[in-house]
>>> print(open('start_7.txt').read())   # compact mmCIF, C-alpha atoms
# COMPACT_ATOMS: atom_id res chain seq x y z
CA MET V 73 39.86 -7.09 -31.17
CA ASP V 74 36.95 -5.45 -32.87
CA GLN V 75 38.52 -3.05 -35.34
CA ASN V 76 35.27 -1.12 -35.41
CA ASP V 77 35.92 -0.07 -31.87
CA LEU V 78 38.18 2.92 -31.98
CA ARG V 79 38.38 2.93 -28.21
CA ASN V 80 40.02 -0.49 -28.32
CA LEU V 81 42.65 0.82 -30.68
CA VAL V 82 43.66 3.93 -28.81
CA GLY V 83 43.26 2.83 -25.21
CA GLU V 84 41.43 4.25 -22.25
CA GLU V 85 43.64 7.25 -21.58
CA LEU V 86 41.93 9.55 -24.05
CA ASP V 87 38.74 11.32 -23.17
CA GLU V 88 35.71 11.03 -25.38
CA LEU V 89 36.39 14.29 -27.24
CA GLU V 90 39.88 13.17 -28.13
CA VAL V 91 38.62 9.84 -29.39
CA GLU V 92 35.96 11.52 -31.52
CA ALA V 93 38.59 13.81 -33.02
CA LEU V 94 40.35 10.69 -34.33
CA ARG V 95 37.20 9.02 -35.59
CA PRO V 96 37.11 10.60 -39.10
CA ALA V 97 40.63 9.37 -39.82
CA HIS V 98 39.73 5.97 -38.36
CA GLU V 99 36.68 5.69 -40.60
CA LEU V 100 38.59 6.80 -43.69
CA ILE V 101 41.34 4.25 -43.19
CA ARG V 102 38.73 1.53 -42.76
CA THR V 103 37.39 2.30 -46.24
CA ALA V 104 40.78 1.88 -47.91
CA ASP V 105 42.27 -1.29 -49.30
CA PRO V 106 45.60 -2.53 -48.00
CA LEU V 107 48.72 -1.05 -49.48
CA ASP V 108 50.74 -3.85 -50.97
CA GLU V 109 54.45 -3.73 -51.54
CA VAL V 110 55.48 -3.02 -55.09
CA PRO V 111 56.78 -6.26 -56.66
CA SER V 112 60.54 -6.17 -56.83
CA GLU V 113 60.75 -6.45 -60.61
CA LEU V 114 58.32 -3.59 -61.07
CA ALA V 115 60.15 -1.51 -58.48
CA ALA V 116 63.44 -2.11 -60.24
CA SER V 117 62.01 -1.16 -63.61
CA ILE V 118 60.52 2.05 -62.23
CA ARG V 119 63.74 3.01 -60.47
CA ALA V 120 65.57 2.50 -63.76
CA ILE V 121 63.39 5.03 -65.58
CA PRO V 122 65.68 8.05 -65.10
CA GLY V 123 68.53 6.15 -66.69
CA SER V 124 66.54 4.76 -69.57
CA GLU V 125 63.92 7.35 -70.43
CA GLU V 126 65.20 10.65 -71.73
CA GLN V 127 63.15 13.63 -70.68
CA PRO V 128 61.68 15.38 -73.69
CA LYS V 129 63.48 18.68 -73.26
CA LYS V 130 63.96 19.22 -76.93
CA ARG V 131 60.31 18.53 -77.49
CA GLU V 132 59.46 21.38 -75.12
CA ARG V 133 61.77 23.69 -76.98
CA ARG V 134 60.25 22.66 -80.27
CA ARG V 135 56.82 23.28 -78.80
CA ASP V 136 57.83 26.82 -77.83
CA VAL V 137 59.06 27.48 -81.33
CA PHE V 138 55.81 26.18 -82.65
CA LYS V 139 53.81 28.45 -80.36
CA THR V 140 55.64 31.58 -81.39
CA ARG V 141 54.93 30.82 -84.99
CA ARG V 142 51.31 29.93 -84.41
CA ALA V 143 49.99 33.23 -85.71
CA GLN V 144 51.95 32.82 -88.90
CA VAL V 145 50.68 29.33 -89.29
CA LEU V 146 47.09 30.47 -88.87
CA ALA V 147 47.57 33.22 -91.42
CA LEU V 148 49.00 30.74 -93.83
CA ALA V 149 46.41 28.09 -93.28
CA ALA V 150 46.82 26.68 -96.70
CA ALA V 151 50.44 25.93 -95.93
CA LEU V 152 49.74 24.59 -92.44
CA ALA V 153 50.81 21.03 -92.96
CA GLY V 154 54.01 21.89 -94.73
CA ILE V 155 55.12 24.54 -92.23
CA ALA V 156 54.30 22.41 -89.22
CA PHE V 157 56.09 19.46 -90.71
CA ALA V 158 59.17 21.55 -91.41
CA ILE V 159 59.26 23.04 -87.91
CA GLY V 160 58.94 19.65 -86.28
CA TRP V 161 61.45 18.01 -88.55
CA VAL V 162 64.10 20.68 -88.19
CA ALA V 163 63.69 21.15 -84.45
CA ARG V 164 63.63 17.49 -83.56
CA GLY V 165 66.38 16.56 -85.93
CA GLY V 166 66.07 12.94 -85.02
CA ASP V 167 68.62 13.18 -82.24
CA GLU V 168 66.48 13.00 -79.13
CA GLY V 169 65.60 9.35 -79.30
CA LEU V 170 62.38 9.92 -81.17
CA PRO V 171 61.97 9.56 -84.88
CA SER V 172 61.13 12.70 -86.81
CA ALA V 173 57.44 13.46 -86.83
CA ALA V 174 55.73 12.68 -90.09
CA ASP V 175 53.29 15.49 -89.41
CA ILE V 176 52.20 17.95 -86.75
CA VAL V 177 48.49 18.54 -86.33
CA THR V 178 47.01 21.42 -84.35
CA LEU V 179 43.40 21.06 -83.26
CA GLU V 180 41.85 24.48 -82.73
CA ALA V 181 39.04 25.42 -80.36
CA THR V 182 35.51 25.44 -81.69
CA ARG V 183 33.00 27.89 -80.24
CA PHE V 184 32.20 25.31 -77.57
CA ALA V 185 35.64 25.55 -75.98
CA SER V 186 37.78 28.33 -74.60
CA ASN V 187 39.44 30.37 -77.34
CA ASP V 188 42.90 29.40 -76.21
CA ALA V 189 42.20 25.69 -76.11
CA GLU V 190 44.28 23.61 -78.46
CA MET V 191 45.83 20.23 -78.96
CA VAL V 192 49.10 19.73 -80.79
CA ILE V 193 49.79 16.24 -82.06
CA ASP V 194 53.07 14.95 -83.39
CA VAL V 195 52.28 12.14 -85.78
CA PHE V 196 55.15 9.71 -85.87
CA PRO V 197 55.72 7.07 -88.52
CA ILE V 198 53.90 3.78 -88.26
CA ASP V 199 55.44 1.48 -85.67
CA GLU V 200 56.22 -2.19 -86.00
CA ALA V 201 52.66 -3.07 -84.98
CA GLY V 202 51.24 -1.01 -87.80
CA ASN V 203 49.98 1.87 -85.66
CA TRP V 204 50.53 5.54 -86.18
CA VAL V 205 52.14 6.81 -83.00
CA LEU V 206 50.75 10.10 -81.72
CA LEU V 207 52.33 12.33 -79.08
CA ALA V 208 50.08 15.17 -77.95
CA ASP V 209 50.09 18.30 -75.81
CA ILE V 210 46.79 19.82 -74.72
CA ALA V 211 46.07 23.21 -73.20
CA GLY V 212 43.07 25.32 -72.35
CA LEU V 213 40.49 22.64 -71.60
CA GLU V 214 38.41 22.60 -68.46
CA PRO V 215 39.27 19.73 -66.11
CA ALA V 216 36.85 16.87 -66.73
CA GLY V 217 34.43 15.88 -64.02
CA GLU V 218 34.98 12.78 -61.95
CA THR V 219 32.88 10.68 -64.31
CA GLN V 220 34.08 12.26 -67.54
CA HIS V 221 37.03 12.04 -69.85
CA TYR V 222 38.15 13.67 -73.06
CA GLU V 223 38.47 11.60 -76.18
CA LEU V 224 40.35 12.11 -79.43
CA TRP V 225 38.49 10.86 -82.50
CA LEU V 226 38.72 10.66 -86.24
CA THR V 227 35.50 11.54 -88.07
CA GLN V 228 33.88 10.43 -91.27
CA ASN V 229 31.02 12.33 -92.85
CA GLY V 230 30.48 14.34 -89.71
CA ARG V 231 30.37 11.39 -87.33
CA VAL V 232 32.96 10.21 -84.87
CA VAL V 233 33.94 6.78 -86.04
CA ALA V 234 37.37 5.94 -84.67
CA SER V 235 38.75 6.58 -81.21
CA CYS V 236 42.46 7.34 -80.88
CA GLY V 237 42.45 7.54 -77.11
CA ARG V 238 41.13 9.14 -73.97
CA PHE V 239 42.74 11.61 -71.65
CA LEU V 240 42.28 13.93 -68.71
CA VAL V 241 43.79 17.34 -68.10
CA ASP V 242 45.20 18.76 -64.91
CA ALA V 243 43.73 21.62 -62.91
CA ASP V 244 45.59 23.96 -65.22
CA GLY V 245 43.68 22.57 -68.19
CA GLN V 246 46.81 20.99 -69.59
CA ALA V 247 48.23 17.61 -70.34
CA GLN V 248 51.53 17.02 -72.01
CA ASN V 249 53.33 14.15 -73.65
CA LEU V 250 50.27 11.97 -73.95
CA TRP V 251 50.77 8.98 -76.17
CA PHE V 252 47.99 7.78 -78.43
CA ASN V 253 47.90 5.56 -81.44
CA ALA V 254 45.85 5.39 -84.60
CA PRO V 255 45.82 2.15 -86.52
CA TYR V 256 43.89 3.75 -89.36
CA ARG V 257 44.23 4.90 -92.91
CA PHE V 258 44.11 8.63 -92.47
CA SER V 259 42.91 9.13 -96.01
CA GLU V 260 39.57 7.62 -95.02
CA TYR V 261 38.82 10.32 -92.46
CA ASP V 262 37.84 13.95 -92.55
CA ASP V 263 38.66 15.54 -89.20
CA TRP V 264 40.42 15.09 -85.91
CA VAL V 265 38.09 16.09 -83.09
CA VAL V 266 38.10 16.12 -79.30
CA THR V 267 34.92 15.63 -77.29
CA LEU V 268 34.11 15.38 -73.60
CA GLU V 269 32.54 12.02 -72.81
CA GLY V 270 30.38 11.28 -69.81
CA PRO V 271 28.37 8.43 -68.34
CA GLY V 272 25.59 6.96 -70.42
CA ASN V 273 27.25 7.84 -73.73
CA LYS V 274 26.70 11.53 -73.11
CA ARG V 275 28.97 13.47 -75.40
CA SER V 276 29.72 17.15 -75.62
CA ARG V 277 29.74 19.10 -78.87
CA VAL V 278 33.06 19.04 -80.68
CA LEU V 279 35.50 21.09 -78.62
CA LEU V 280 38.64 20.94 -80.77
CA ARG V 281 38.91 20.25 -84.46
CA ALA V 282 41.46 19.98 -87.25
CA PRO V 283 41.15 18.61 -90.75
CA VAL V 284 42.94 15.38 -91.51
CA THR V 285 45.75 16.40 -93.83
CA THR V 286 48.06 13.45 -93.32
CA ARG V 287 47.51 11.57 -96.54
CA ALA V 288 48.79 8.21 -95.51
CA SER V 289 47.31 4.85 -96.13
CA MET M 24 42.62 17.22 -29.44
CA THR M 25 45.21 14.53 -29.13
CA THR M 26 48.79 15.64 -29.01
CA ILE M 27 51.16 13.85 -31.30
CA VAL M 28 53.62 11.98 -29.16
CA ALA M 29 57.05 13.49 -29.50
CA GLU M 30 59.18 10.58 -30.48
CA THR M 31 62.20 10.74 -32.73
CA GLU M 32 61.23 10.62 -36.38
CA GLU M 33 62.22 7.43 -38.08
CA HIS M 34 62.86 7.38 -41.76
CA THR M 35 63.74 3.88 -42.67
CA GLN M 36 64.13 4.72 -46.33
CA THR M 37 67.09 6.52 -47.79
CA THR M 38 66.27 10.01 -48.89
CA PHE M 39 69.24 10.36 -51.21
CA GLY M 40 70.42 13.66 -49.86
CA LEU M 41 67.02 15.25 -50.28
CA ASP M 42 65.21 17.13 -47.61
CA PRO M 43 62.75 14.48 -46.44
CA GLN M 44 60.27 17.26 -45.79
CA ALA M 45 60.42 18.45 -49.40
CA SER M 46 56.90 18.74 -50.71
CA ASP M 47 55.69 16.59 -53.55
CA GLY M 48 55.53 19.70 -55.71
CA GLU M 49 59.13 20.61 -54.95
CA LEU M 50 60.18 17.12 -55.93
CA LEU M 51 58.27 17.34 -59.21
CA LEU M 52 60.00 20.61 -60.05
CA ARG M 53 63.33 18.90 -59.46
CA ILE M 54 62.31 15.94 -61.58
CA ALA M 55 61.49 18.37 -64.37
CA LYS M 56 65.17 19.32 -64.29
CA GLY M 57 66.23 15.72 -64.54
CA ASP M 58 66.88 15.05 -60.85
CA ALA M 59 66.90 11.26 -60.49
CA ASP M 60 67.09 11.45 -56.67
CA ALA M 61 63.87 13.44 -56.59
CA PHE M 62 62.29 10.82 -58.82
CA GLU M 63 63.40 8.10 -56.41
CA GLU M 64 61.81 9.98 -53.53
CA ILE M 65 58.56 10.43 -55.45
CA TYR M 66 58.59 6.72 -56.17
CA ARG M 67 59.18 6.00 -52.48
CA ARG M 68 56.19 8.13 -51.55
CA PHE M 69 53.81 7.17 -54.31
CA GLY M 70 54.86 3.74 -55.58
CA ARG M 71 52.46 1.86 -53.34
CA PRO M 72 49.56 4.31 -53.63
CA VAL M 73 49.81 4.28 -57.43
CA LEU M 74 49.91 0.49 -57.47
CA ALA M 75 46.93 0.35 -55.13
CA LEU M 76 45.00 2.71 -57.40
CA THR M 77 45.79 0.79 -60.57
CA ARG M 78 44.95 -2.52 -58.92
CA ARG M 79 41.68 -1.10 -57.74
CA ARG M 80 40.69 -0.02 -61.21
CA LEU M 81 42.33 -2.68 -63.37
CA ALA M 82 41.43 -6.14 -62.19
CA ASP M 83 44.27 -7.84 -64.01
CA ALA M 84 47.48 -7.65 -61.98
CA GLY M 85 49.74 -7.47 -65.01
CA THR M 86 47.74 -4.64 -66.55
CA ALA M 87 47.78 -2.80 -63.24
CA GLU M 88 51.55 -3.10 -63.06
CA ASP M 89 51.86 -1.87 -66.64
CA ALA M 90 49.75 1.15 -65.74
CA THR M 91 51.92 1.76 -62.69
CA GLN M 92 55.06 1.63 -64.81
CA LYS M 93 53.49 3.95 -67.37
CA THR M 94 52.50 6.38 -64.64
CA PHE M 95 56.07 6.76 -63.49
CA VAL M 96 57.37 7.05 -67.04
CA SER M 97 54.86 9.87 -67.53
CA ILE M 98 55.96 11.50 -64.27
CA TRP M 99 59.56 11.44 -65.43
CA ARG M 100 58.76 12.69 -68.90
CA SER M 101 56.05 15.21 -68.03
CA ALA M 102 57.01 16.70 -64.69
CA SER M 103 57.68 19.98 -66.50
CA SER M 104 53.93 20.34 -67.01
CA PHE M 105 53.33 20.49 -63.25
CA ARG M 106 52.32 24.00 -62.13
CA PRO M 107 52.57 24.35 -58.35
CA GLU M 108 50.37 27.43 -58.34
CA ARG M 109 47.51 25.38 -59.78
CA GLY M 110 47.39 22.48 -57.34
CA THR M 111 49.31 20.05 -55.21
CA GLY M 112 51.86 17.60 -56.47
CA SER M 113 49.71 14.78 -55.16
CA ALA M 114 46.72 15.97 -57.20
CA TRP M 115 48.87 16.18 -60.32
CA LEU M 116 50.17 12.67 -59.72
CA PHE M 117 46.64 11.39 -59.24
CA THR M 118 45.70 12.83 -62.65
CA VAL M 119 48.73 11.23 -64.26
CA ALA M 120 47.86 7.88 -62.68
CA ARG M 121 44.24 8.10 -63.77
CA ASN M 122 45.33 8.91 -67.33
CA SER M 123 47.50 5.81 -67.34
CA ILE M 124 44.60 3.72 -66.07
CA VAL M 125 42.22 5.10 -68.69
CA ASP M 126 44.81 4.42 -71.36
CA ARG M 127 45.50 0.86 -70.25
CA ALA M 128 41.79 0.12 -69.85
CA ARG M 129 41.21 1.30 -73.39
CA GLN M 130 44.04 -0.82 -74.77
CA ARG M 131 42.66 -3.80 -72.92
CA THR M 132 39.15 -3.45 -74.29
CA ASP M 133 39.89 -2.14 -77.78
CA THR M 134 40.68 -5.41 -79.42
CA ALA M 135 39.79 -3.99 -82.81
CA VAL M 136 39.92 -0.26 -82.62
CA GLY M 137 39.40 0.11 -86.32
CA ASP M 138 36.09 -1.68 -86.13
CA THR M 139 34.64 0.50 -83.42
CA PRO M 140 32.55 3.38 -83.23
CA GLU M 141 29.34 3.35 -85.01
CA GLN M 142 28.55 3.36 -81.34
CA PRO M 143 30.85 5.74 -79.58
CA SER M 144 33.07 4.16 -77.04
CA SER M 145 31.31 4.34 -73.73
CA ASP M 146 32.99 2.51 -70.87
CA PRO M 147 32.19 5.34 -68.51
CA ILE M 148 33.86 5.73 -65.19
CA PRO M 149 31.11 5.33 -62.59
CA SER M 150 31.08 8.27 -60.28
CA GLU M 151 31.15 6.15 -57.19
CA ILE M 152 34.31 4.39 -58.36
CA ALA M 153 35.95 7.71 -59.15
CA GLU M 154 35.07 9.00 -55.71
CA GLN M 155 36.41 5.87 -54.06
CA ASP M 156 39.57 6.22 -56.12
CA SER M 157 40.07 9.73 -54.88
CA LEU M 158 39.35 8.79 -51.30
CA ALA M 159 41.61 5.74 -51.33
CA TRP M 160 44.34 7.83 -52.95
CA GLU M 161 44.14 10.41 -50.17
CA VAL M 162 44.29 7.74 -47.49
CA HIS M 163 47.18 5.90 -49.10
CA THR M 164 49.28 8.97 -49.75
CA ALA M 165 48.65 10.11 -46.18
CA LEU M 166 49.72 6.73 -44.81
CA GLU M 167 52.94 6.94 -46.80
CA ARG M 168 53.77 10.16 -44.97
CA LEU M 169 53.65 8.62 -41.52
CA PRO M 170 56.84 7.64 -39.74
CA ALA M 171 57.54 4.02 -40.53
CA ARG M 172 56.78 2.79 -37.02
CA GLU M 173 53.30 4.34 -37.05
CA GLN M 174 52.63 3.26 -40.59
CA GLU M 175 53.51 -0.32 -39.69
CA ILE M 176 51.23 -0.40 -36.68
CA LEU M 177 48.26 1.14 -38.47
CA SER M 178 48.72 -1.26 -41.37
CA LEU M 179 48.76 -4.23 -39.05
CA ALA M 180 45.71 -2.96 -37.18
CA TYR M 181 43.55 -1.93 -40.13
CA PHE M 182 44.69 -4.10 -43.00
CA SER M 183 46.00 -7.23 -41.31
CA GLU M 184 43.30 -6.88 -38.66
CA LEU M 185 45.60 -7.83 -35.84
CA SER M 186 44.62 -6.95 -32.32
CA GLN M 187 46.78 -4.55 -30.35
CA THR M 188 48.03 -7.47 -28.30
CA GLU M 189 48.94 -9.42 -31.43
CA ILE M 190 50.74 -6.40 -32.82
CA ALA M 191 52.66 -5.98 -29.58
CA THR M 192 53.70 -9.62 -29.70
CA ARG M 193 54.69 -9.50 -33.34
CA LEU M 194 56.72 -6.33 -33.00
CA GLU M 195 58.03 -7.20 -29.52
CA LEU M 196 56.77 -3.92 -28.12
CA PRO M 197 54.91 -3.13 -24.90
CA LEU M 198 51.17 -2.95 -25.44
CA GLY M 199 51.19 0.63 -24.20
CA THR M 200 53.68 1.62 -26.89
CA VAL M 201 51.47 0.06 -29.55
CA LYS M 202 48.49 2.08 -28.35
CA THR M 203 50.56 5.25 -28.08
CA ARG M 204 51.82 4.86 -31.64
CA THR M 205 48.32 4.06 -32.84
CA ARG M 206 47.04 7.29 -31.30
CA SER M 207 49.97 9.21 -32.71
CA GLY M 208 49.50 7.74 -36.18
CA LEU M 209 45.77 8.40 -36.16
CA SER M 210 46.38 11.94 -35.02
CA ARG M 211 48.78 12.54 -37.90
CA MET M 212 46.30 10.94 -40.29
CA ALA M 213 43.57 13.22 -38.97
CA THR M 214 45.75 16.22 -39.79
CA LEU M 215 46.78 14.92 -43.19
CA LEU M 216 43.22 14.01 -44.11
CA GLU M 217 41.71 17.20 -42.83
CA GLY M 218 39.05 18.30 -45.28
CA VAL M 219 38.71 14.88 -46.86
CA ASN M 220 35.28 13.48 -46.20
CA ASN M 221 33.97 10.02 -46.77
CA HIS M 222 32.65 11.07 -50.16
CA GLY M 223 36.20 11.44 -51.31
CA SER M 224 36.29 15.16 -51.77
CA GLU M 225 38.31 17.94 -50.29
>>> encode(input="start_7.txt", output="structure tokens")
Amino acid sequence: MDQNDLRNLVGEELDELEVEALRPAHELIRTADPLDEVPSELAASIRAIPGSEEQPKKRERRRDVFKTRRAQVLALAAALAGIAFAIGWVARGGDEGLPSAADIVTLEATRFASNDAEMVIDVFPIDEAGNWVLLADIAGLEPAGETQHYELWLTQNGRVVASCGRFLVDADGQAQNLWFNAPYRFSEYDDWVVTLEGPGNKRSRVLLRAPVTTRAS
Amino acid sequence: MTTIVAETEEHTQTTFGLDPQASDGELLLRIAKGDADAFEEIYRRFGRPVLALTRRRLADAGTAEDATQKTFVSIWRSASSFRPERGTGSAWLFTVARNSIVDRARQRTDTAVGDTPEQPSSDPIPSEIAEQDSLAWEVHTALERLPAREQEILSLAYFSELSQTEIATRLELPLGTVKTRTRSGLSRMATLLEGVNNHGSE
């Protein structure tokens, strides 16, 4: 049977108007690839997630605490790293399956982003592979276009030189619990920045920025 | 307009005590509270569409499966960030899946991240691919919502390219029943895909 012929699929009982009403769905399905079954091992591992992956409830609570203290932190900019570290360390307490964060970094909006845009990064100790593990929450960014993505960078002398990862935000402008990694010596870099990247290497101005204060090598 | 044939709904999959009509958003809100049954139902609805999306974008099968796994880990861990007033559960899931794909694609290509970016990382997502992703996602998630008997027949017709007669033989059904279920399935798909055009937008 010719699958292009919708009439063949639905039979002769329908009148032409009824057939044409089905045509958009018919054409859309024809553009899609087949849906394969999920391999059994993968299915089993996904179904096991609720039993093996703890939801980060304490992280959310810690985040709330952090938010309420944000004004204080801004006012005491000089003490930012120490306060953030203390809040994260005390709140997490090492009992939620994650190690204590070595640092908490808050990237603030530049004048090219909404005032309430920010990214909060928990910097965890270096993992076995030698990477700094980063866990980030983002809020206040515009959803990227279909061909765009946001990117977290480290800068050196005013230039982006090291990518830590890419991300998208939801319609609410948020993304939470995004994992990145940074196999770098932080002491070699000046700032954390977020840019919006598009096709053809088109890059926005810096949208979020924070100085690199984690003095690790 | 075609009337959907009133046959008894078949749900061949267990719904674990959940309302099978629960919206994706309702399920995500339950997952945010640690409801494993809701997670199972989300997996039942979206496991195959997520895998299809990752396979479409990540040529390597193993990488695609990793991205699928990561997507569901993110769903479990991040469901609390879903805001029903800001969009559908399906749209949120699509964003989560795309993030996982972007992340896995970056890990695959960044063999020496530390050596990079005199030249900023480019690897743009071509707009046409993104549009096809969105379109395929809509079709796949709609197909997953069909009663199993209609889903099976449409899959055999469109993806296995069997004729109606061949489908009837394979499923041991009268040819008329195959055509009836095809019409019914297409009619449901037309409703579910209302507003989706062939440029992949709503």
>>> residues_around(input="start_7.txt", residues="Gly208 of chain M", least_positions_apart="4", cutoff="9 Å", atoms="only C-alpha atoms", output="PyMOL selection string")
chain M and resi 27+166+169-170+172-174+176-177+203-204+212-213
>>> interface_residues(input="start_7.txt", of="chain V", to="chain M", cutoff="7 Å", atoms="only C-alpha atoms", output="PyMOL selection string")
chain V and resi 73+75+81-83+90+93-94+96-98+100-102+104+106-110+118-119+121-122+127-128+218-220+233-234+237-240+242-244+248-249+255-256+270-271+273
>>> write_last_selection(input="start_7.txt", atoms="C-alpha atoms", output="PDB file, in the frame of the given file")
ATOM      1  CA  MET V  73      39.860  -7.090 -31.170  1.00  0.00           C
ATOM      2  CA  GLN V  75      38.520  -3.050 -35.340  1.00  0.00           C
ATOM      3  CA  LEU V  81      42.650   0.820 -30.680  1.00  0.00           C
ATOM      4  CA  VAL V  82      43.660   3.930 -28.810  1.00  0.00           C
ATOM      5  CA  GLY V  83      43.260   2.830 -25.210  1.00  0.00           C
ATOM      6  CA  GLU V  90      39.880  13.170 -28.130  1.00  0.00           C
ATOM      7  CA  ALA V  93      38.590  13.810 -33.020  1.00  0.00           C
ATOM      8  CA  LEU V  94      40.350  10.690 -34.330  1.00  0.00           C
ATOM      9  CA  PRO V  96      37.110  10.600 -39.100  1.00  0.00           C
ATOM     10  CA  ALA V  97      40.630   9.370 -39.820  1.00  0.00           C
ATOM     11  CA  HIS V  98      39.730   5.970 -38.360  1.00  0.00           C
ATOM     12  CA  LEU V 100      38.590   6.800 -43.690  1.00  0.00           C
ATOM     13  CA  ILE V 101      41.340   4.250 -43.190  1.00  0.00           C
ATOM     14  CA  ARG V 102      38.730   1.530 -42.760  1.00  0.00           C
ATOM     15  CA  ALA V 104      40.780   1.880 -47.910  1.00  0.00           C
ATOM     16  CA  PRO V 106      45.600  -2.530 -48.000  1.00  0.00           C
ATOM     17  CA  LEU V 107      48.720  -1.050 -49.480  1.00  0.00           C
ATOM     18  CA  ASP V 108      50.740  -3.850 -50.970  1.00  0.00           C
ATOM     19  CA  GLU V 109      54.450  -3.730 -51.540  1.00  0.00           C
ATOM     20  CA  VAL V 110      55.480  -3.020 -55.090  1.00  0.00           C
ATOM     21  CA  ILE V 118      60.520   2.050 -62.230  1.00  0.00           C
ATOM     22  CA  ARG V 119      63.740   3.010 -60.470  1.00  0.00           C
ATOM     23  CA  ILE V 121      63.390   5.030 -65.580  1.00  0.00           C
ATOM     24  CA  PRO V 122      65.680   8.050 -65.100  1.00  0.00           C
ATOM     25  CA  GLN V 127      63.150  13.630 -70.680  1.00  0.00           C
ATOM     26  CA  PRO V 128      61.680  15.380 -73.690  1.00  0.00           C
ATOM     27  CA  GLU V 218      34.980  12.780 -61.950  1.00  0.00           C
ATOM     28  CA  THR V 219      32.880  10.680 -64.310  1.00  0.00           C
ATOM     29  CA  GLN V 220      34.080  12.260 -67.540  1.00  0.00           C
ATOM     30  CA  VAL V 233      33.940   6.780 -86.040  1.00  0.00           C
ATOM     31  CA  ALA V 234      37.370   5.940 -84.670  1.00  0.00           C
ATOM     32  CA  GLY V 237      42.450   7.540 -77.110  1.00  0.00           C
ATOM     33  CA  ARG V 238      41.130   9.140 -73.970  1.00  0.00           C
ATOM     34  CA  PHE V 239      42.740  11.610 -71.650  1.00  0.00           C
ATOM     35  CA  LEU V 240      42.280  13.930 -68.710  1.00  0.00           C
ATOM     36  CA  ASP V 242      45.200  18.760 -64.910  1.00  0.00           C
ATOM     37  CA  ALA V 243      43.730  21.620 -62.910  1.00  0.00           C
ATOM     38  CA  ASP V 244      45.590  23.960 -65.220  1.00  0.00           C
ATOM     39  CA  GLN V 248      51.530  17.020 -72.010  1.00  0.00           C
ATOM     40  CA  ASN V 249      53.330  14.150 -73.650  1.00  0.00           C
ATOM     41  CA  PRO V 255      45.820   2.150 -86.520  1.00  0.00           C
ATOM     42  CA  TYR V 256      43.890   3.750 -89.360  1.00  0.00           C
ATOM     43  CA  GLY V 270      30.380  11.280 -69.810  1.00  0.00           C
ATOM     44  CA  PRO V 271      28.370   8.430 -68.340  1.00  0.00           C
ATOM     45  CA  ASN V 273      27.250   7.840 -73.730  1.00  0.00           C
TER      46      ASN V 273
END
>>> atom_distance(input="start_7.txt", atom1="atom CA of Ala115 of chain V", atom2="atom CA of Gly112 of chain M")
20.9 Å
>>> residues_around(input="start_7.txt", residues="Ser235 of chain V", least_positions_apart="5", cutoff="7 Å", atoms="all atoms listed in the file", output="PyMOL selection string")
chain V and resi 224-226
>>> axis_aligned_box(input="start_7.txt", around="segment 112-126 of chain M", padding_each_side="3 Å", output="JSON")
{"center_x": 47.0, "center_y": 10.7, "center_z": -63.3, "size_x": 15.6, "size_y": 19.9, "size_z": 22.2}
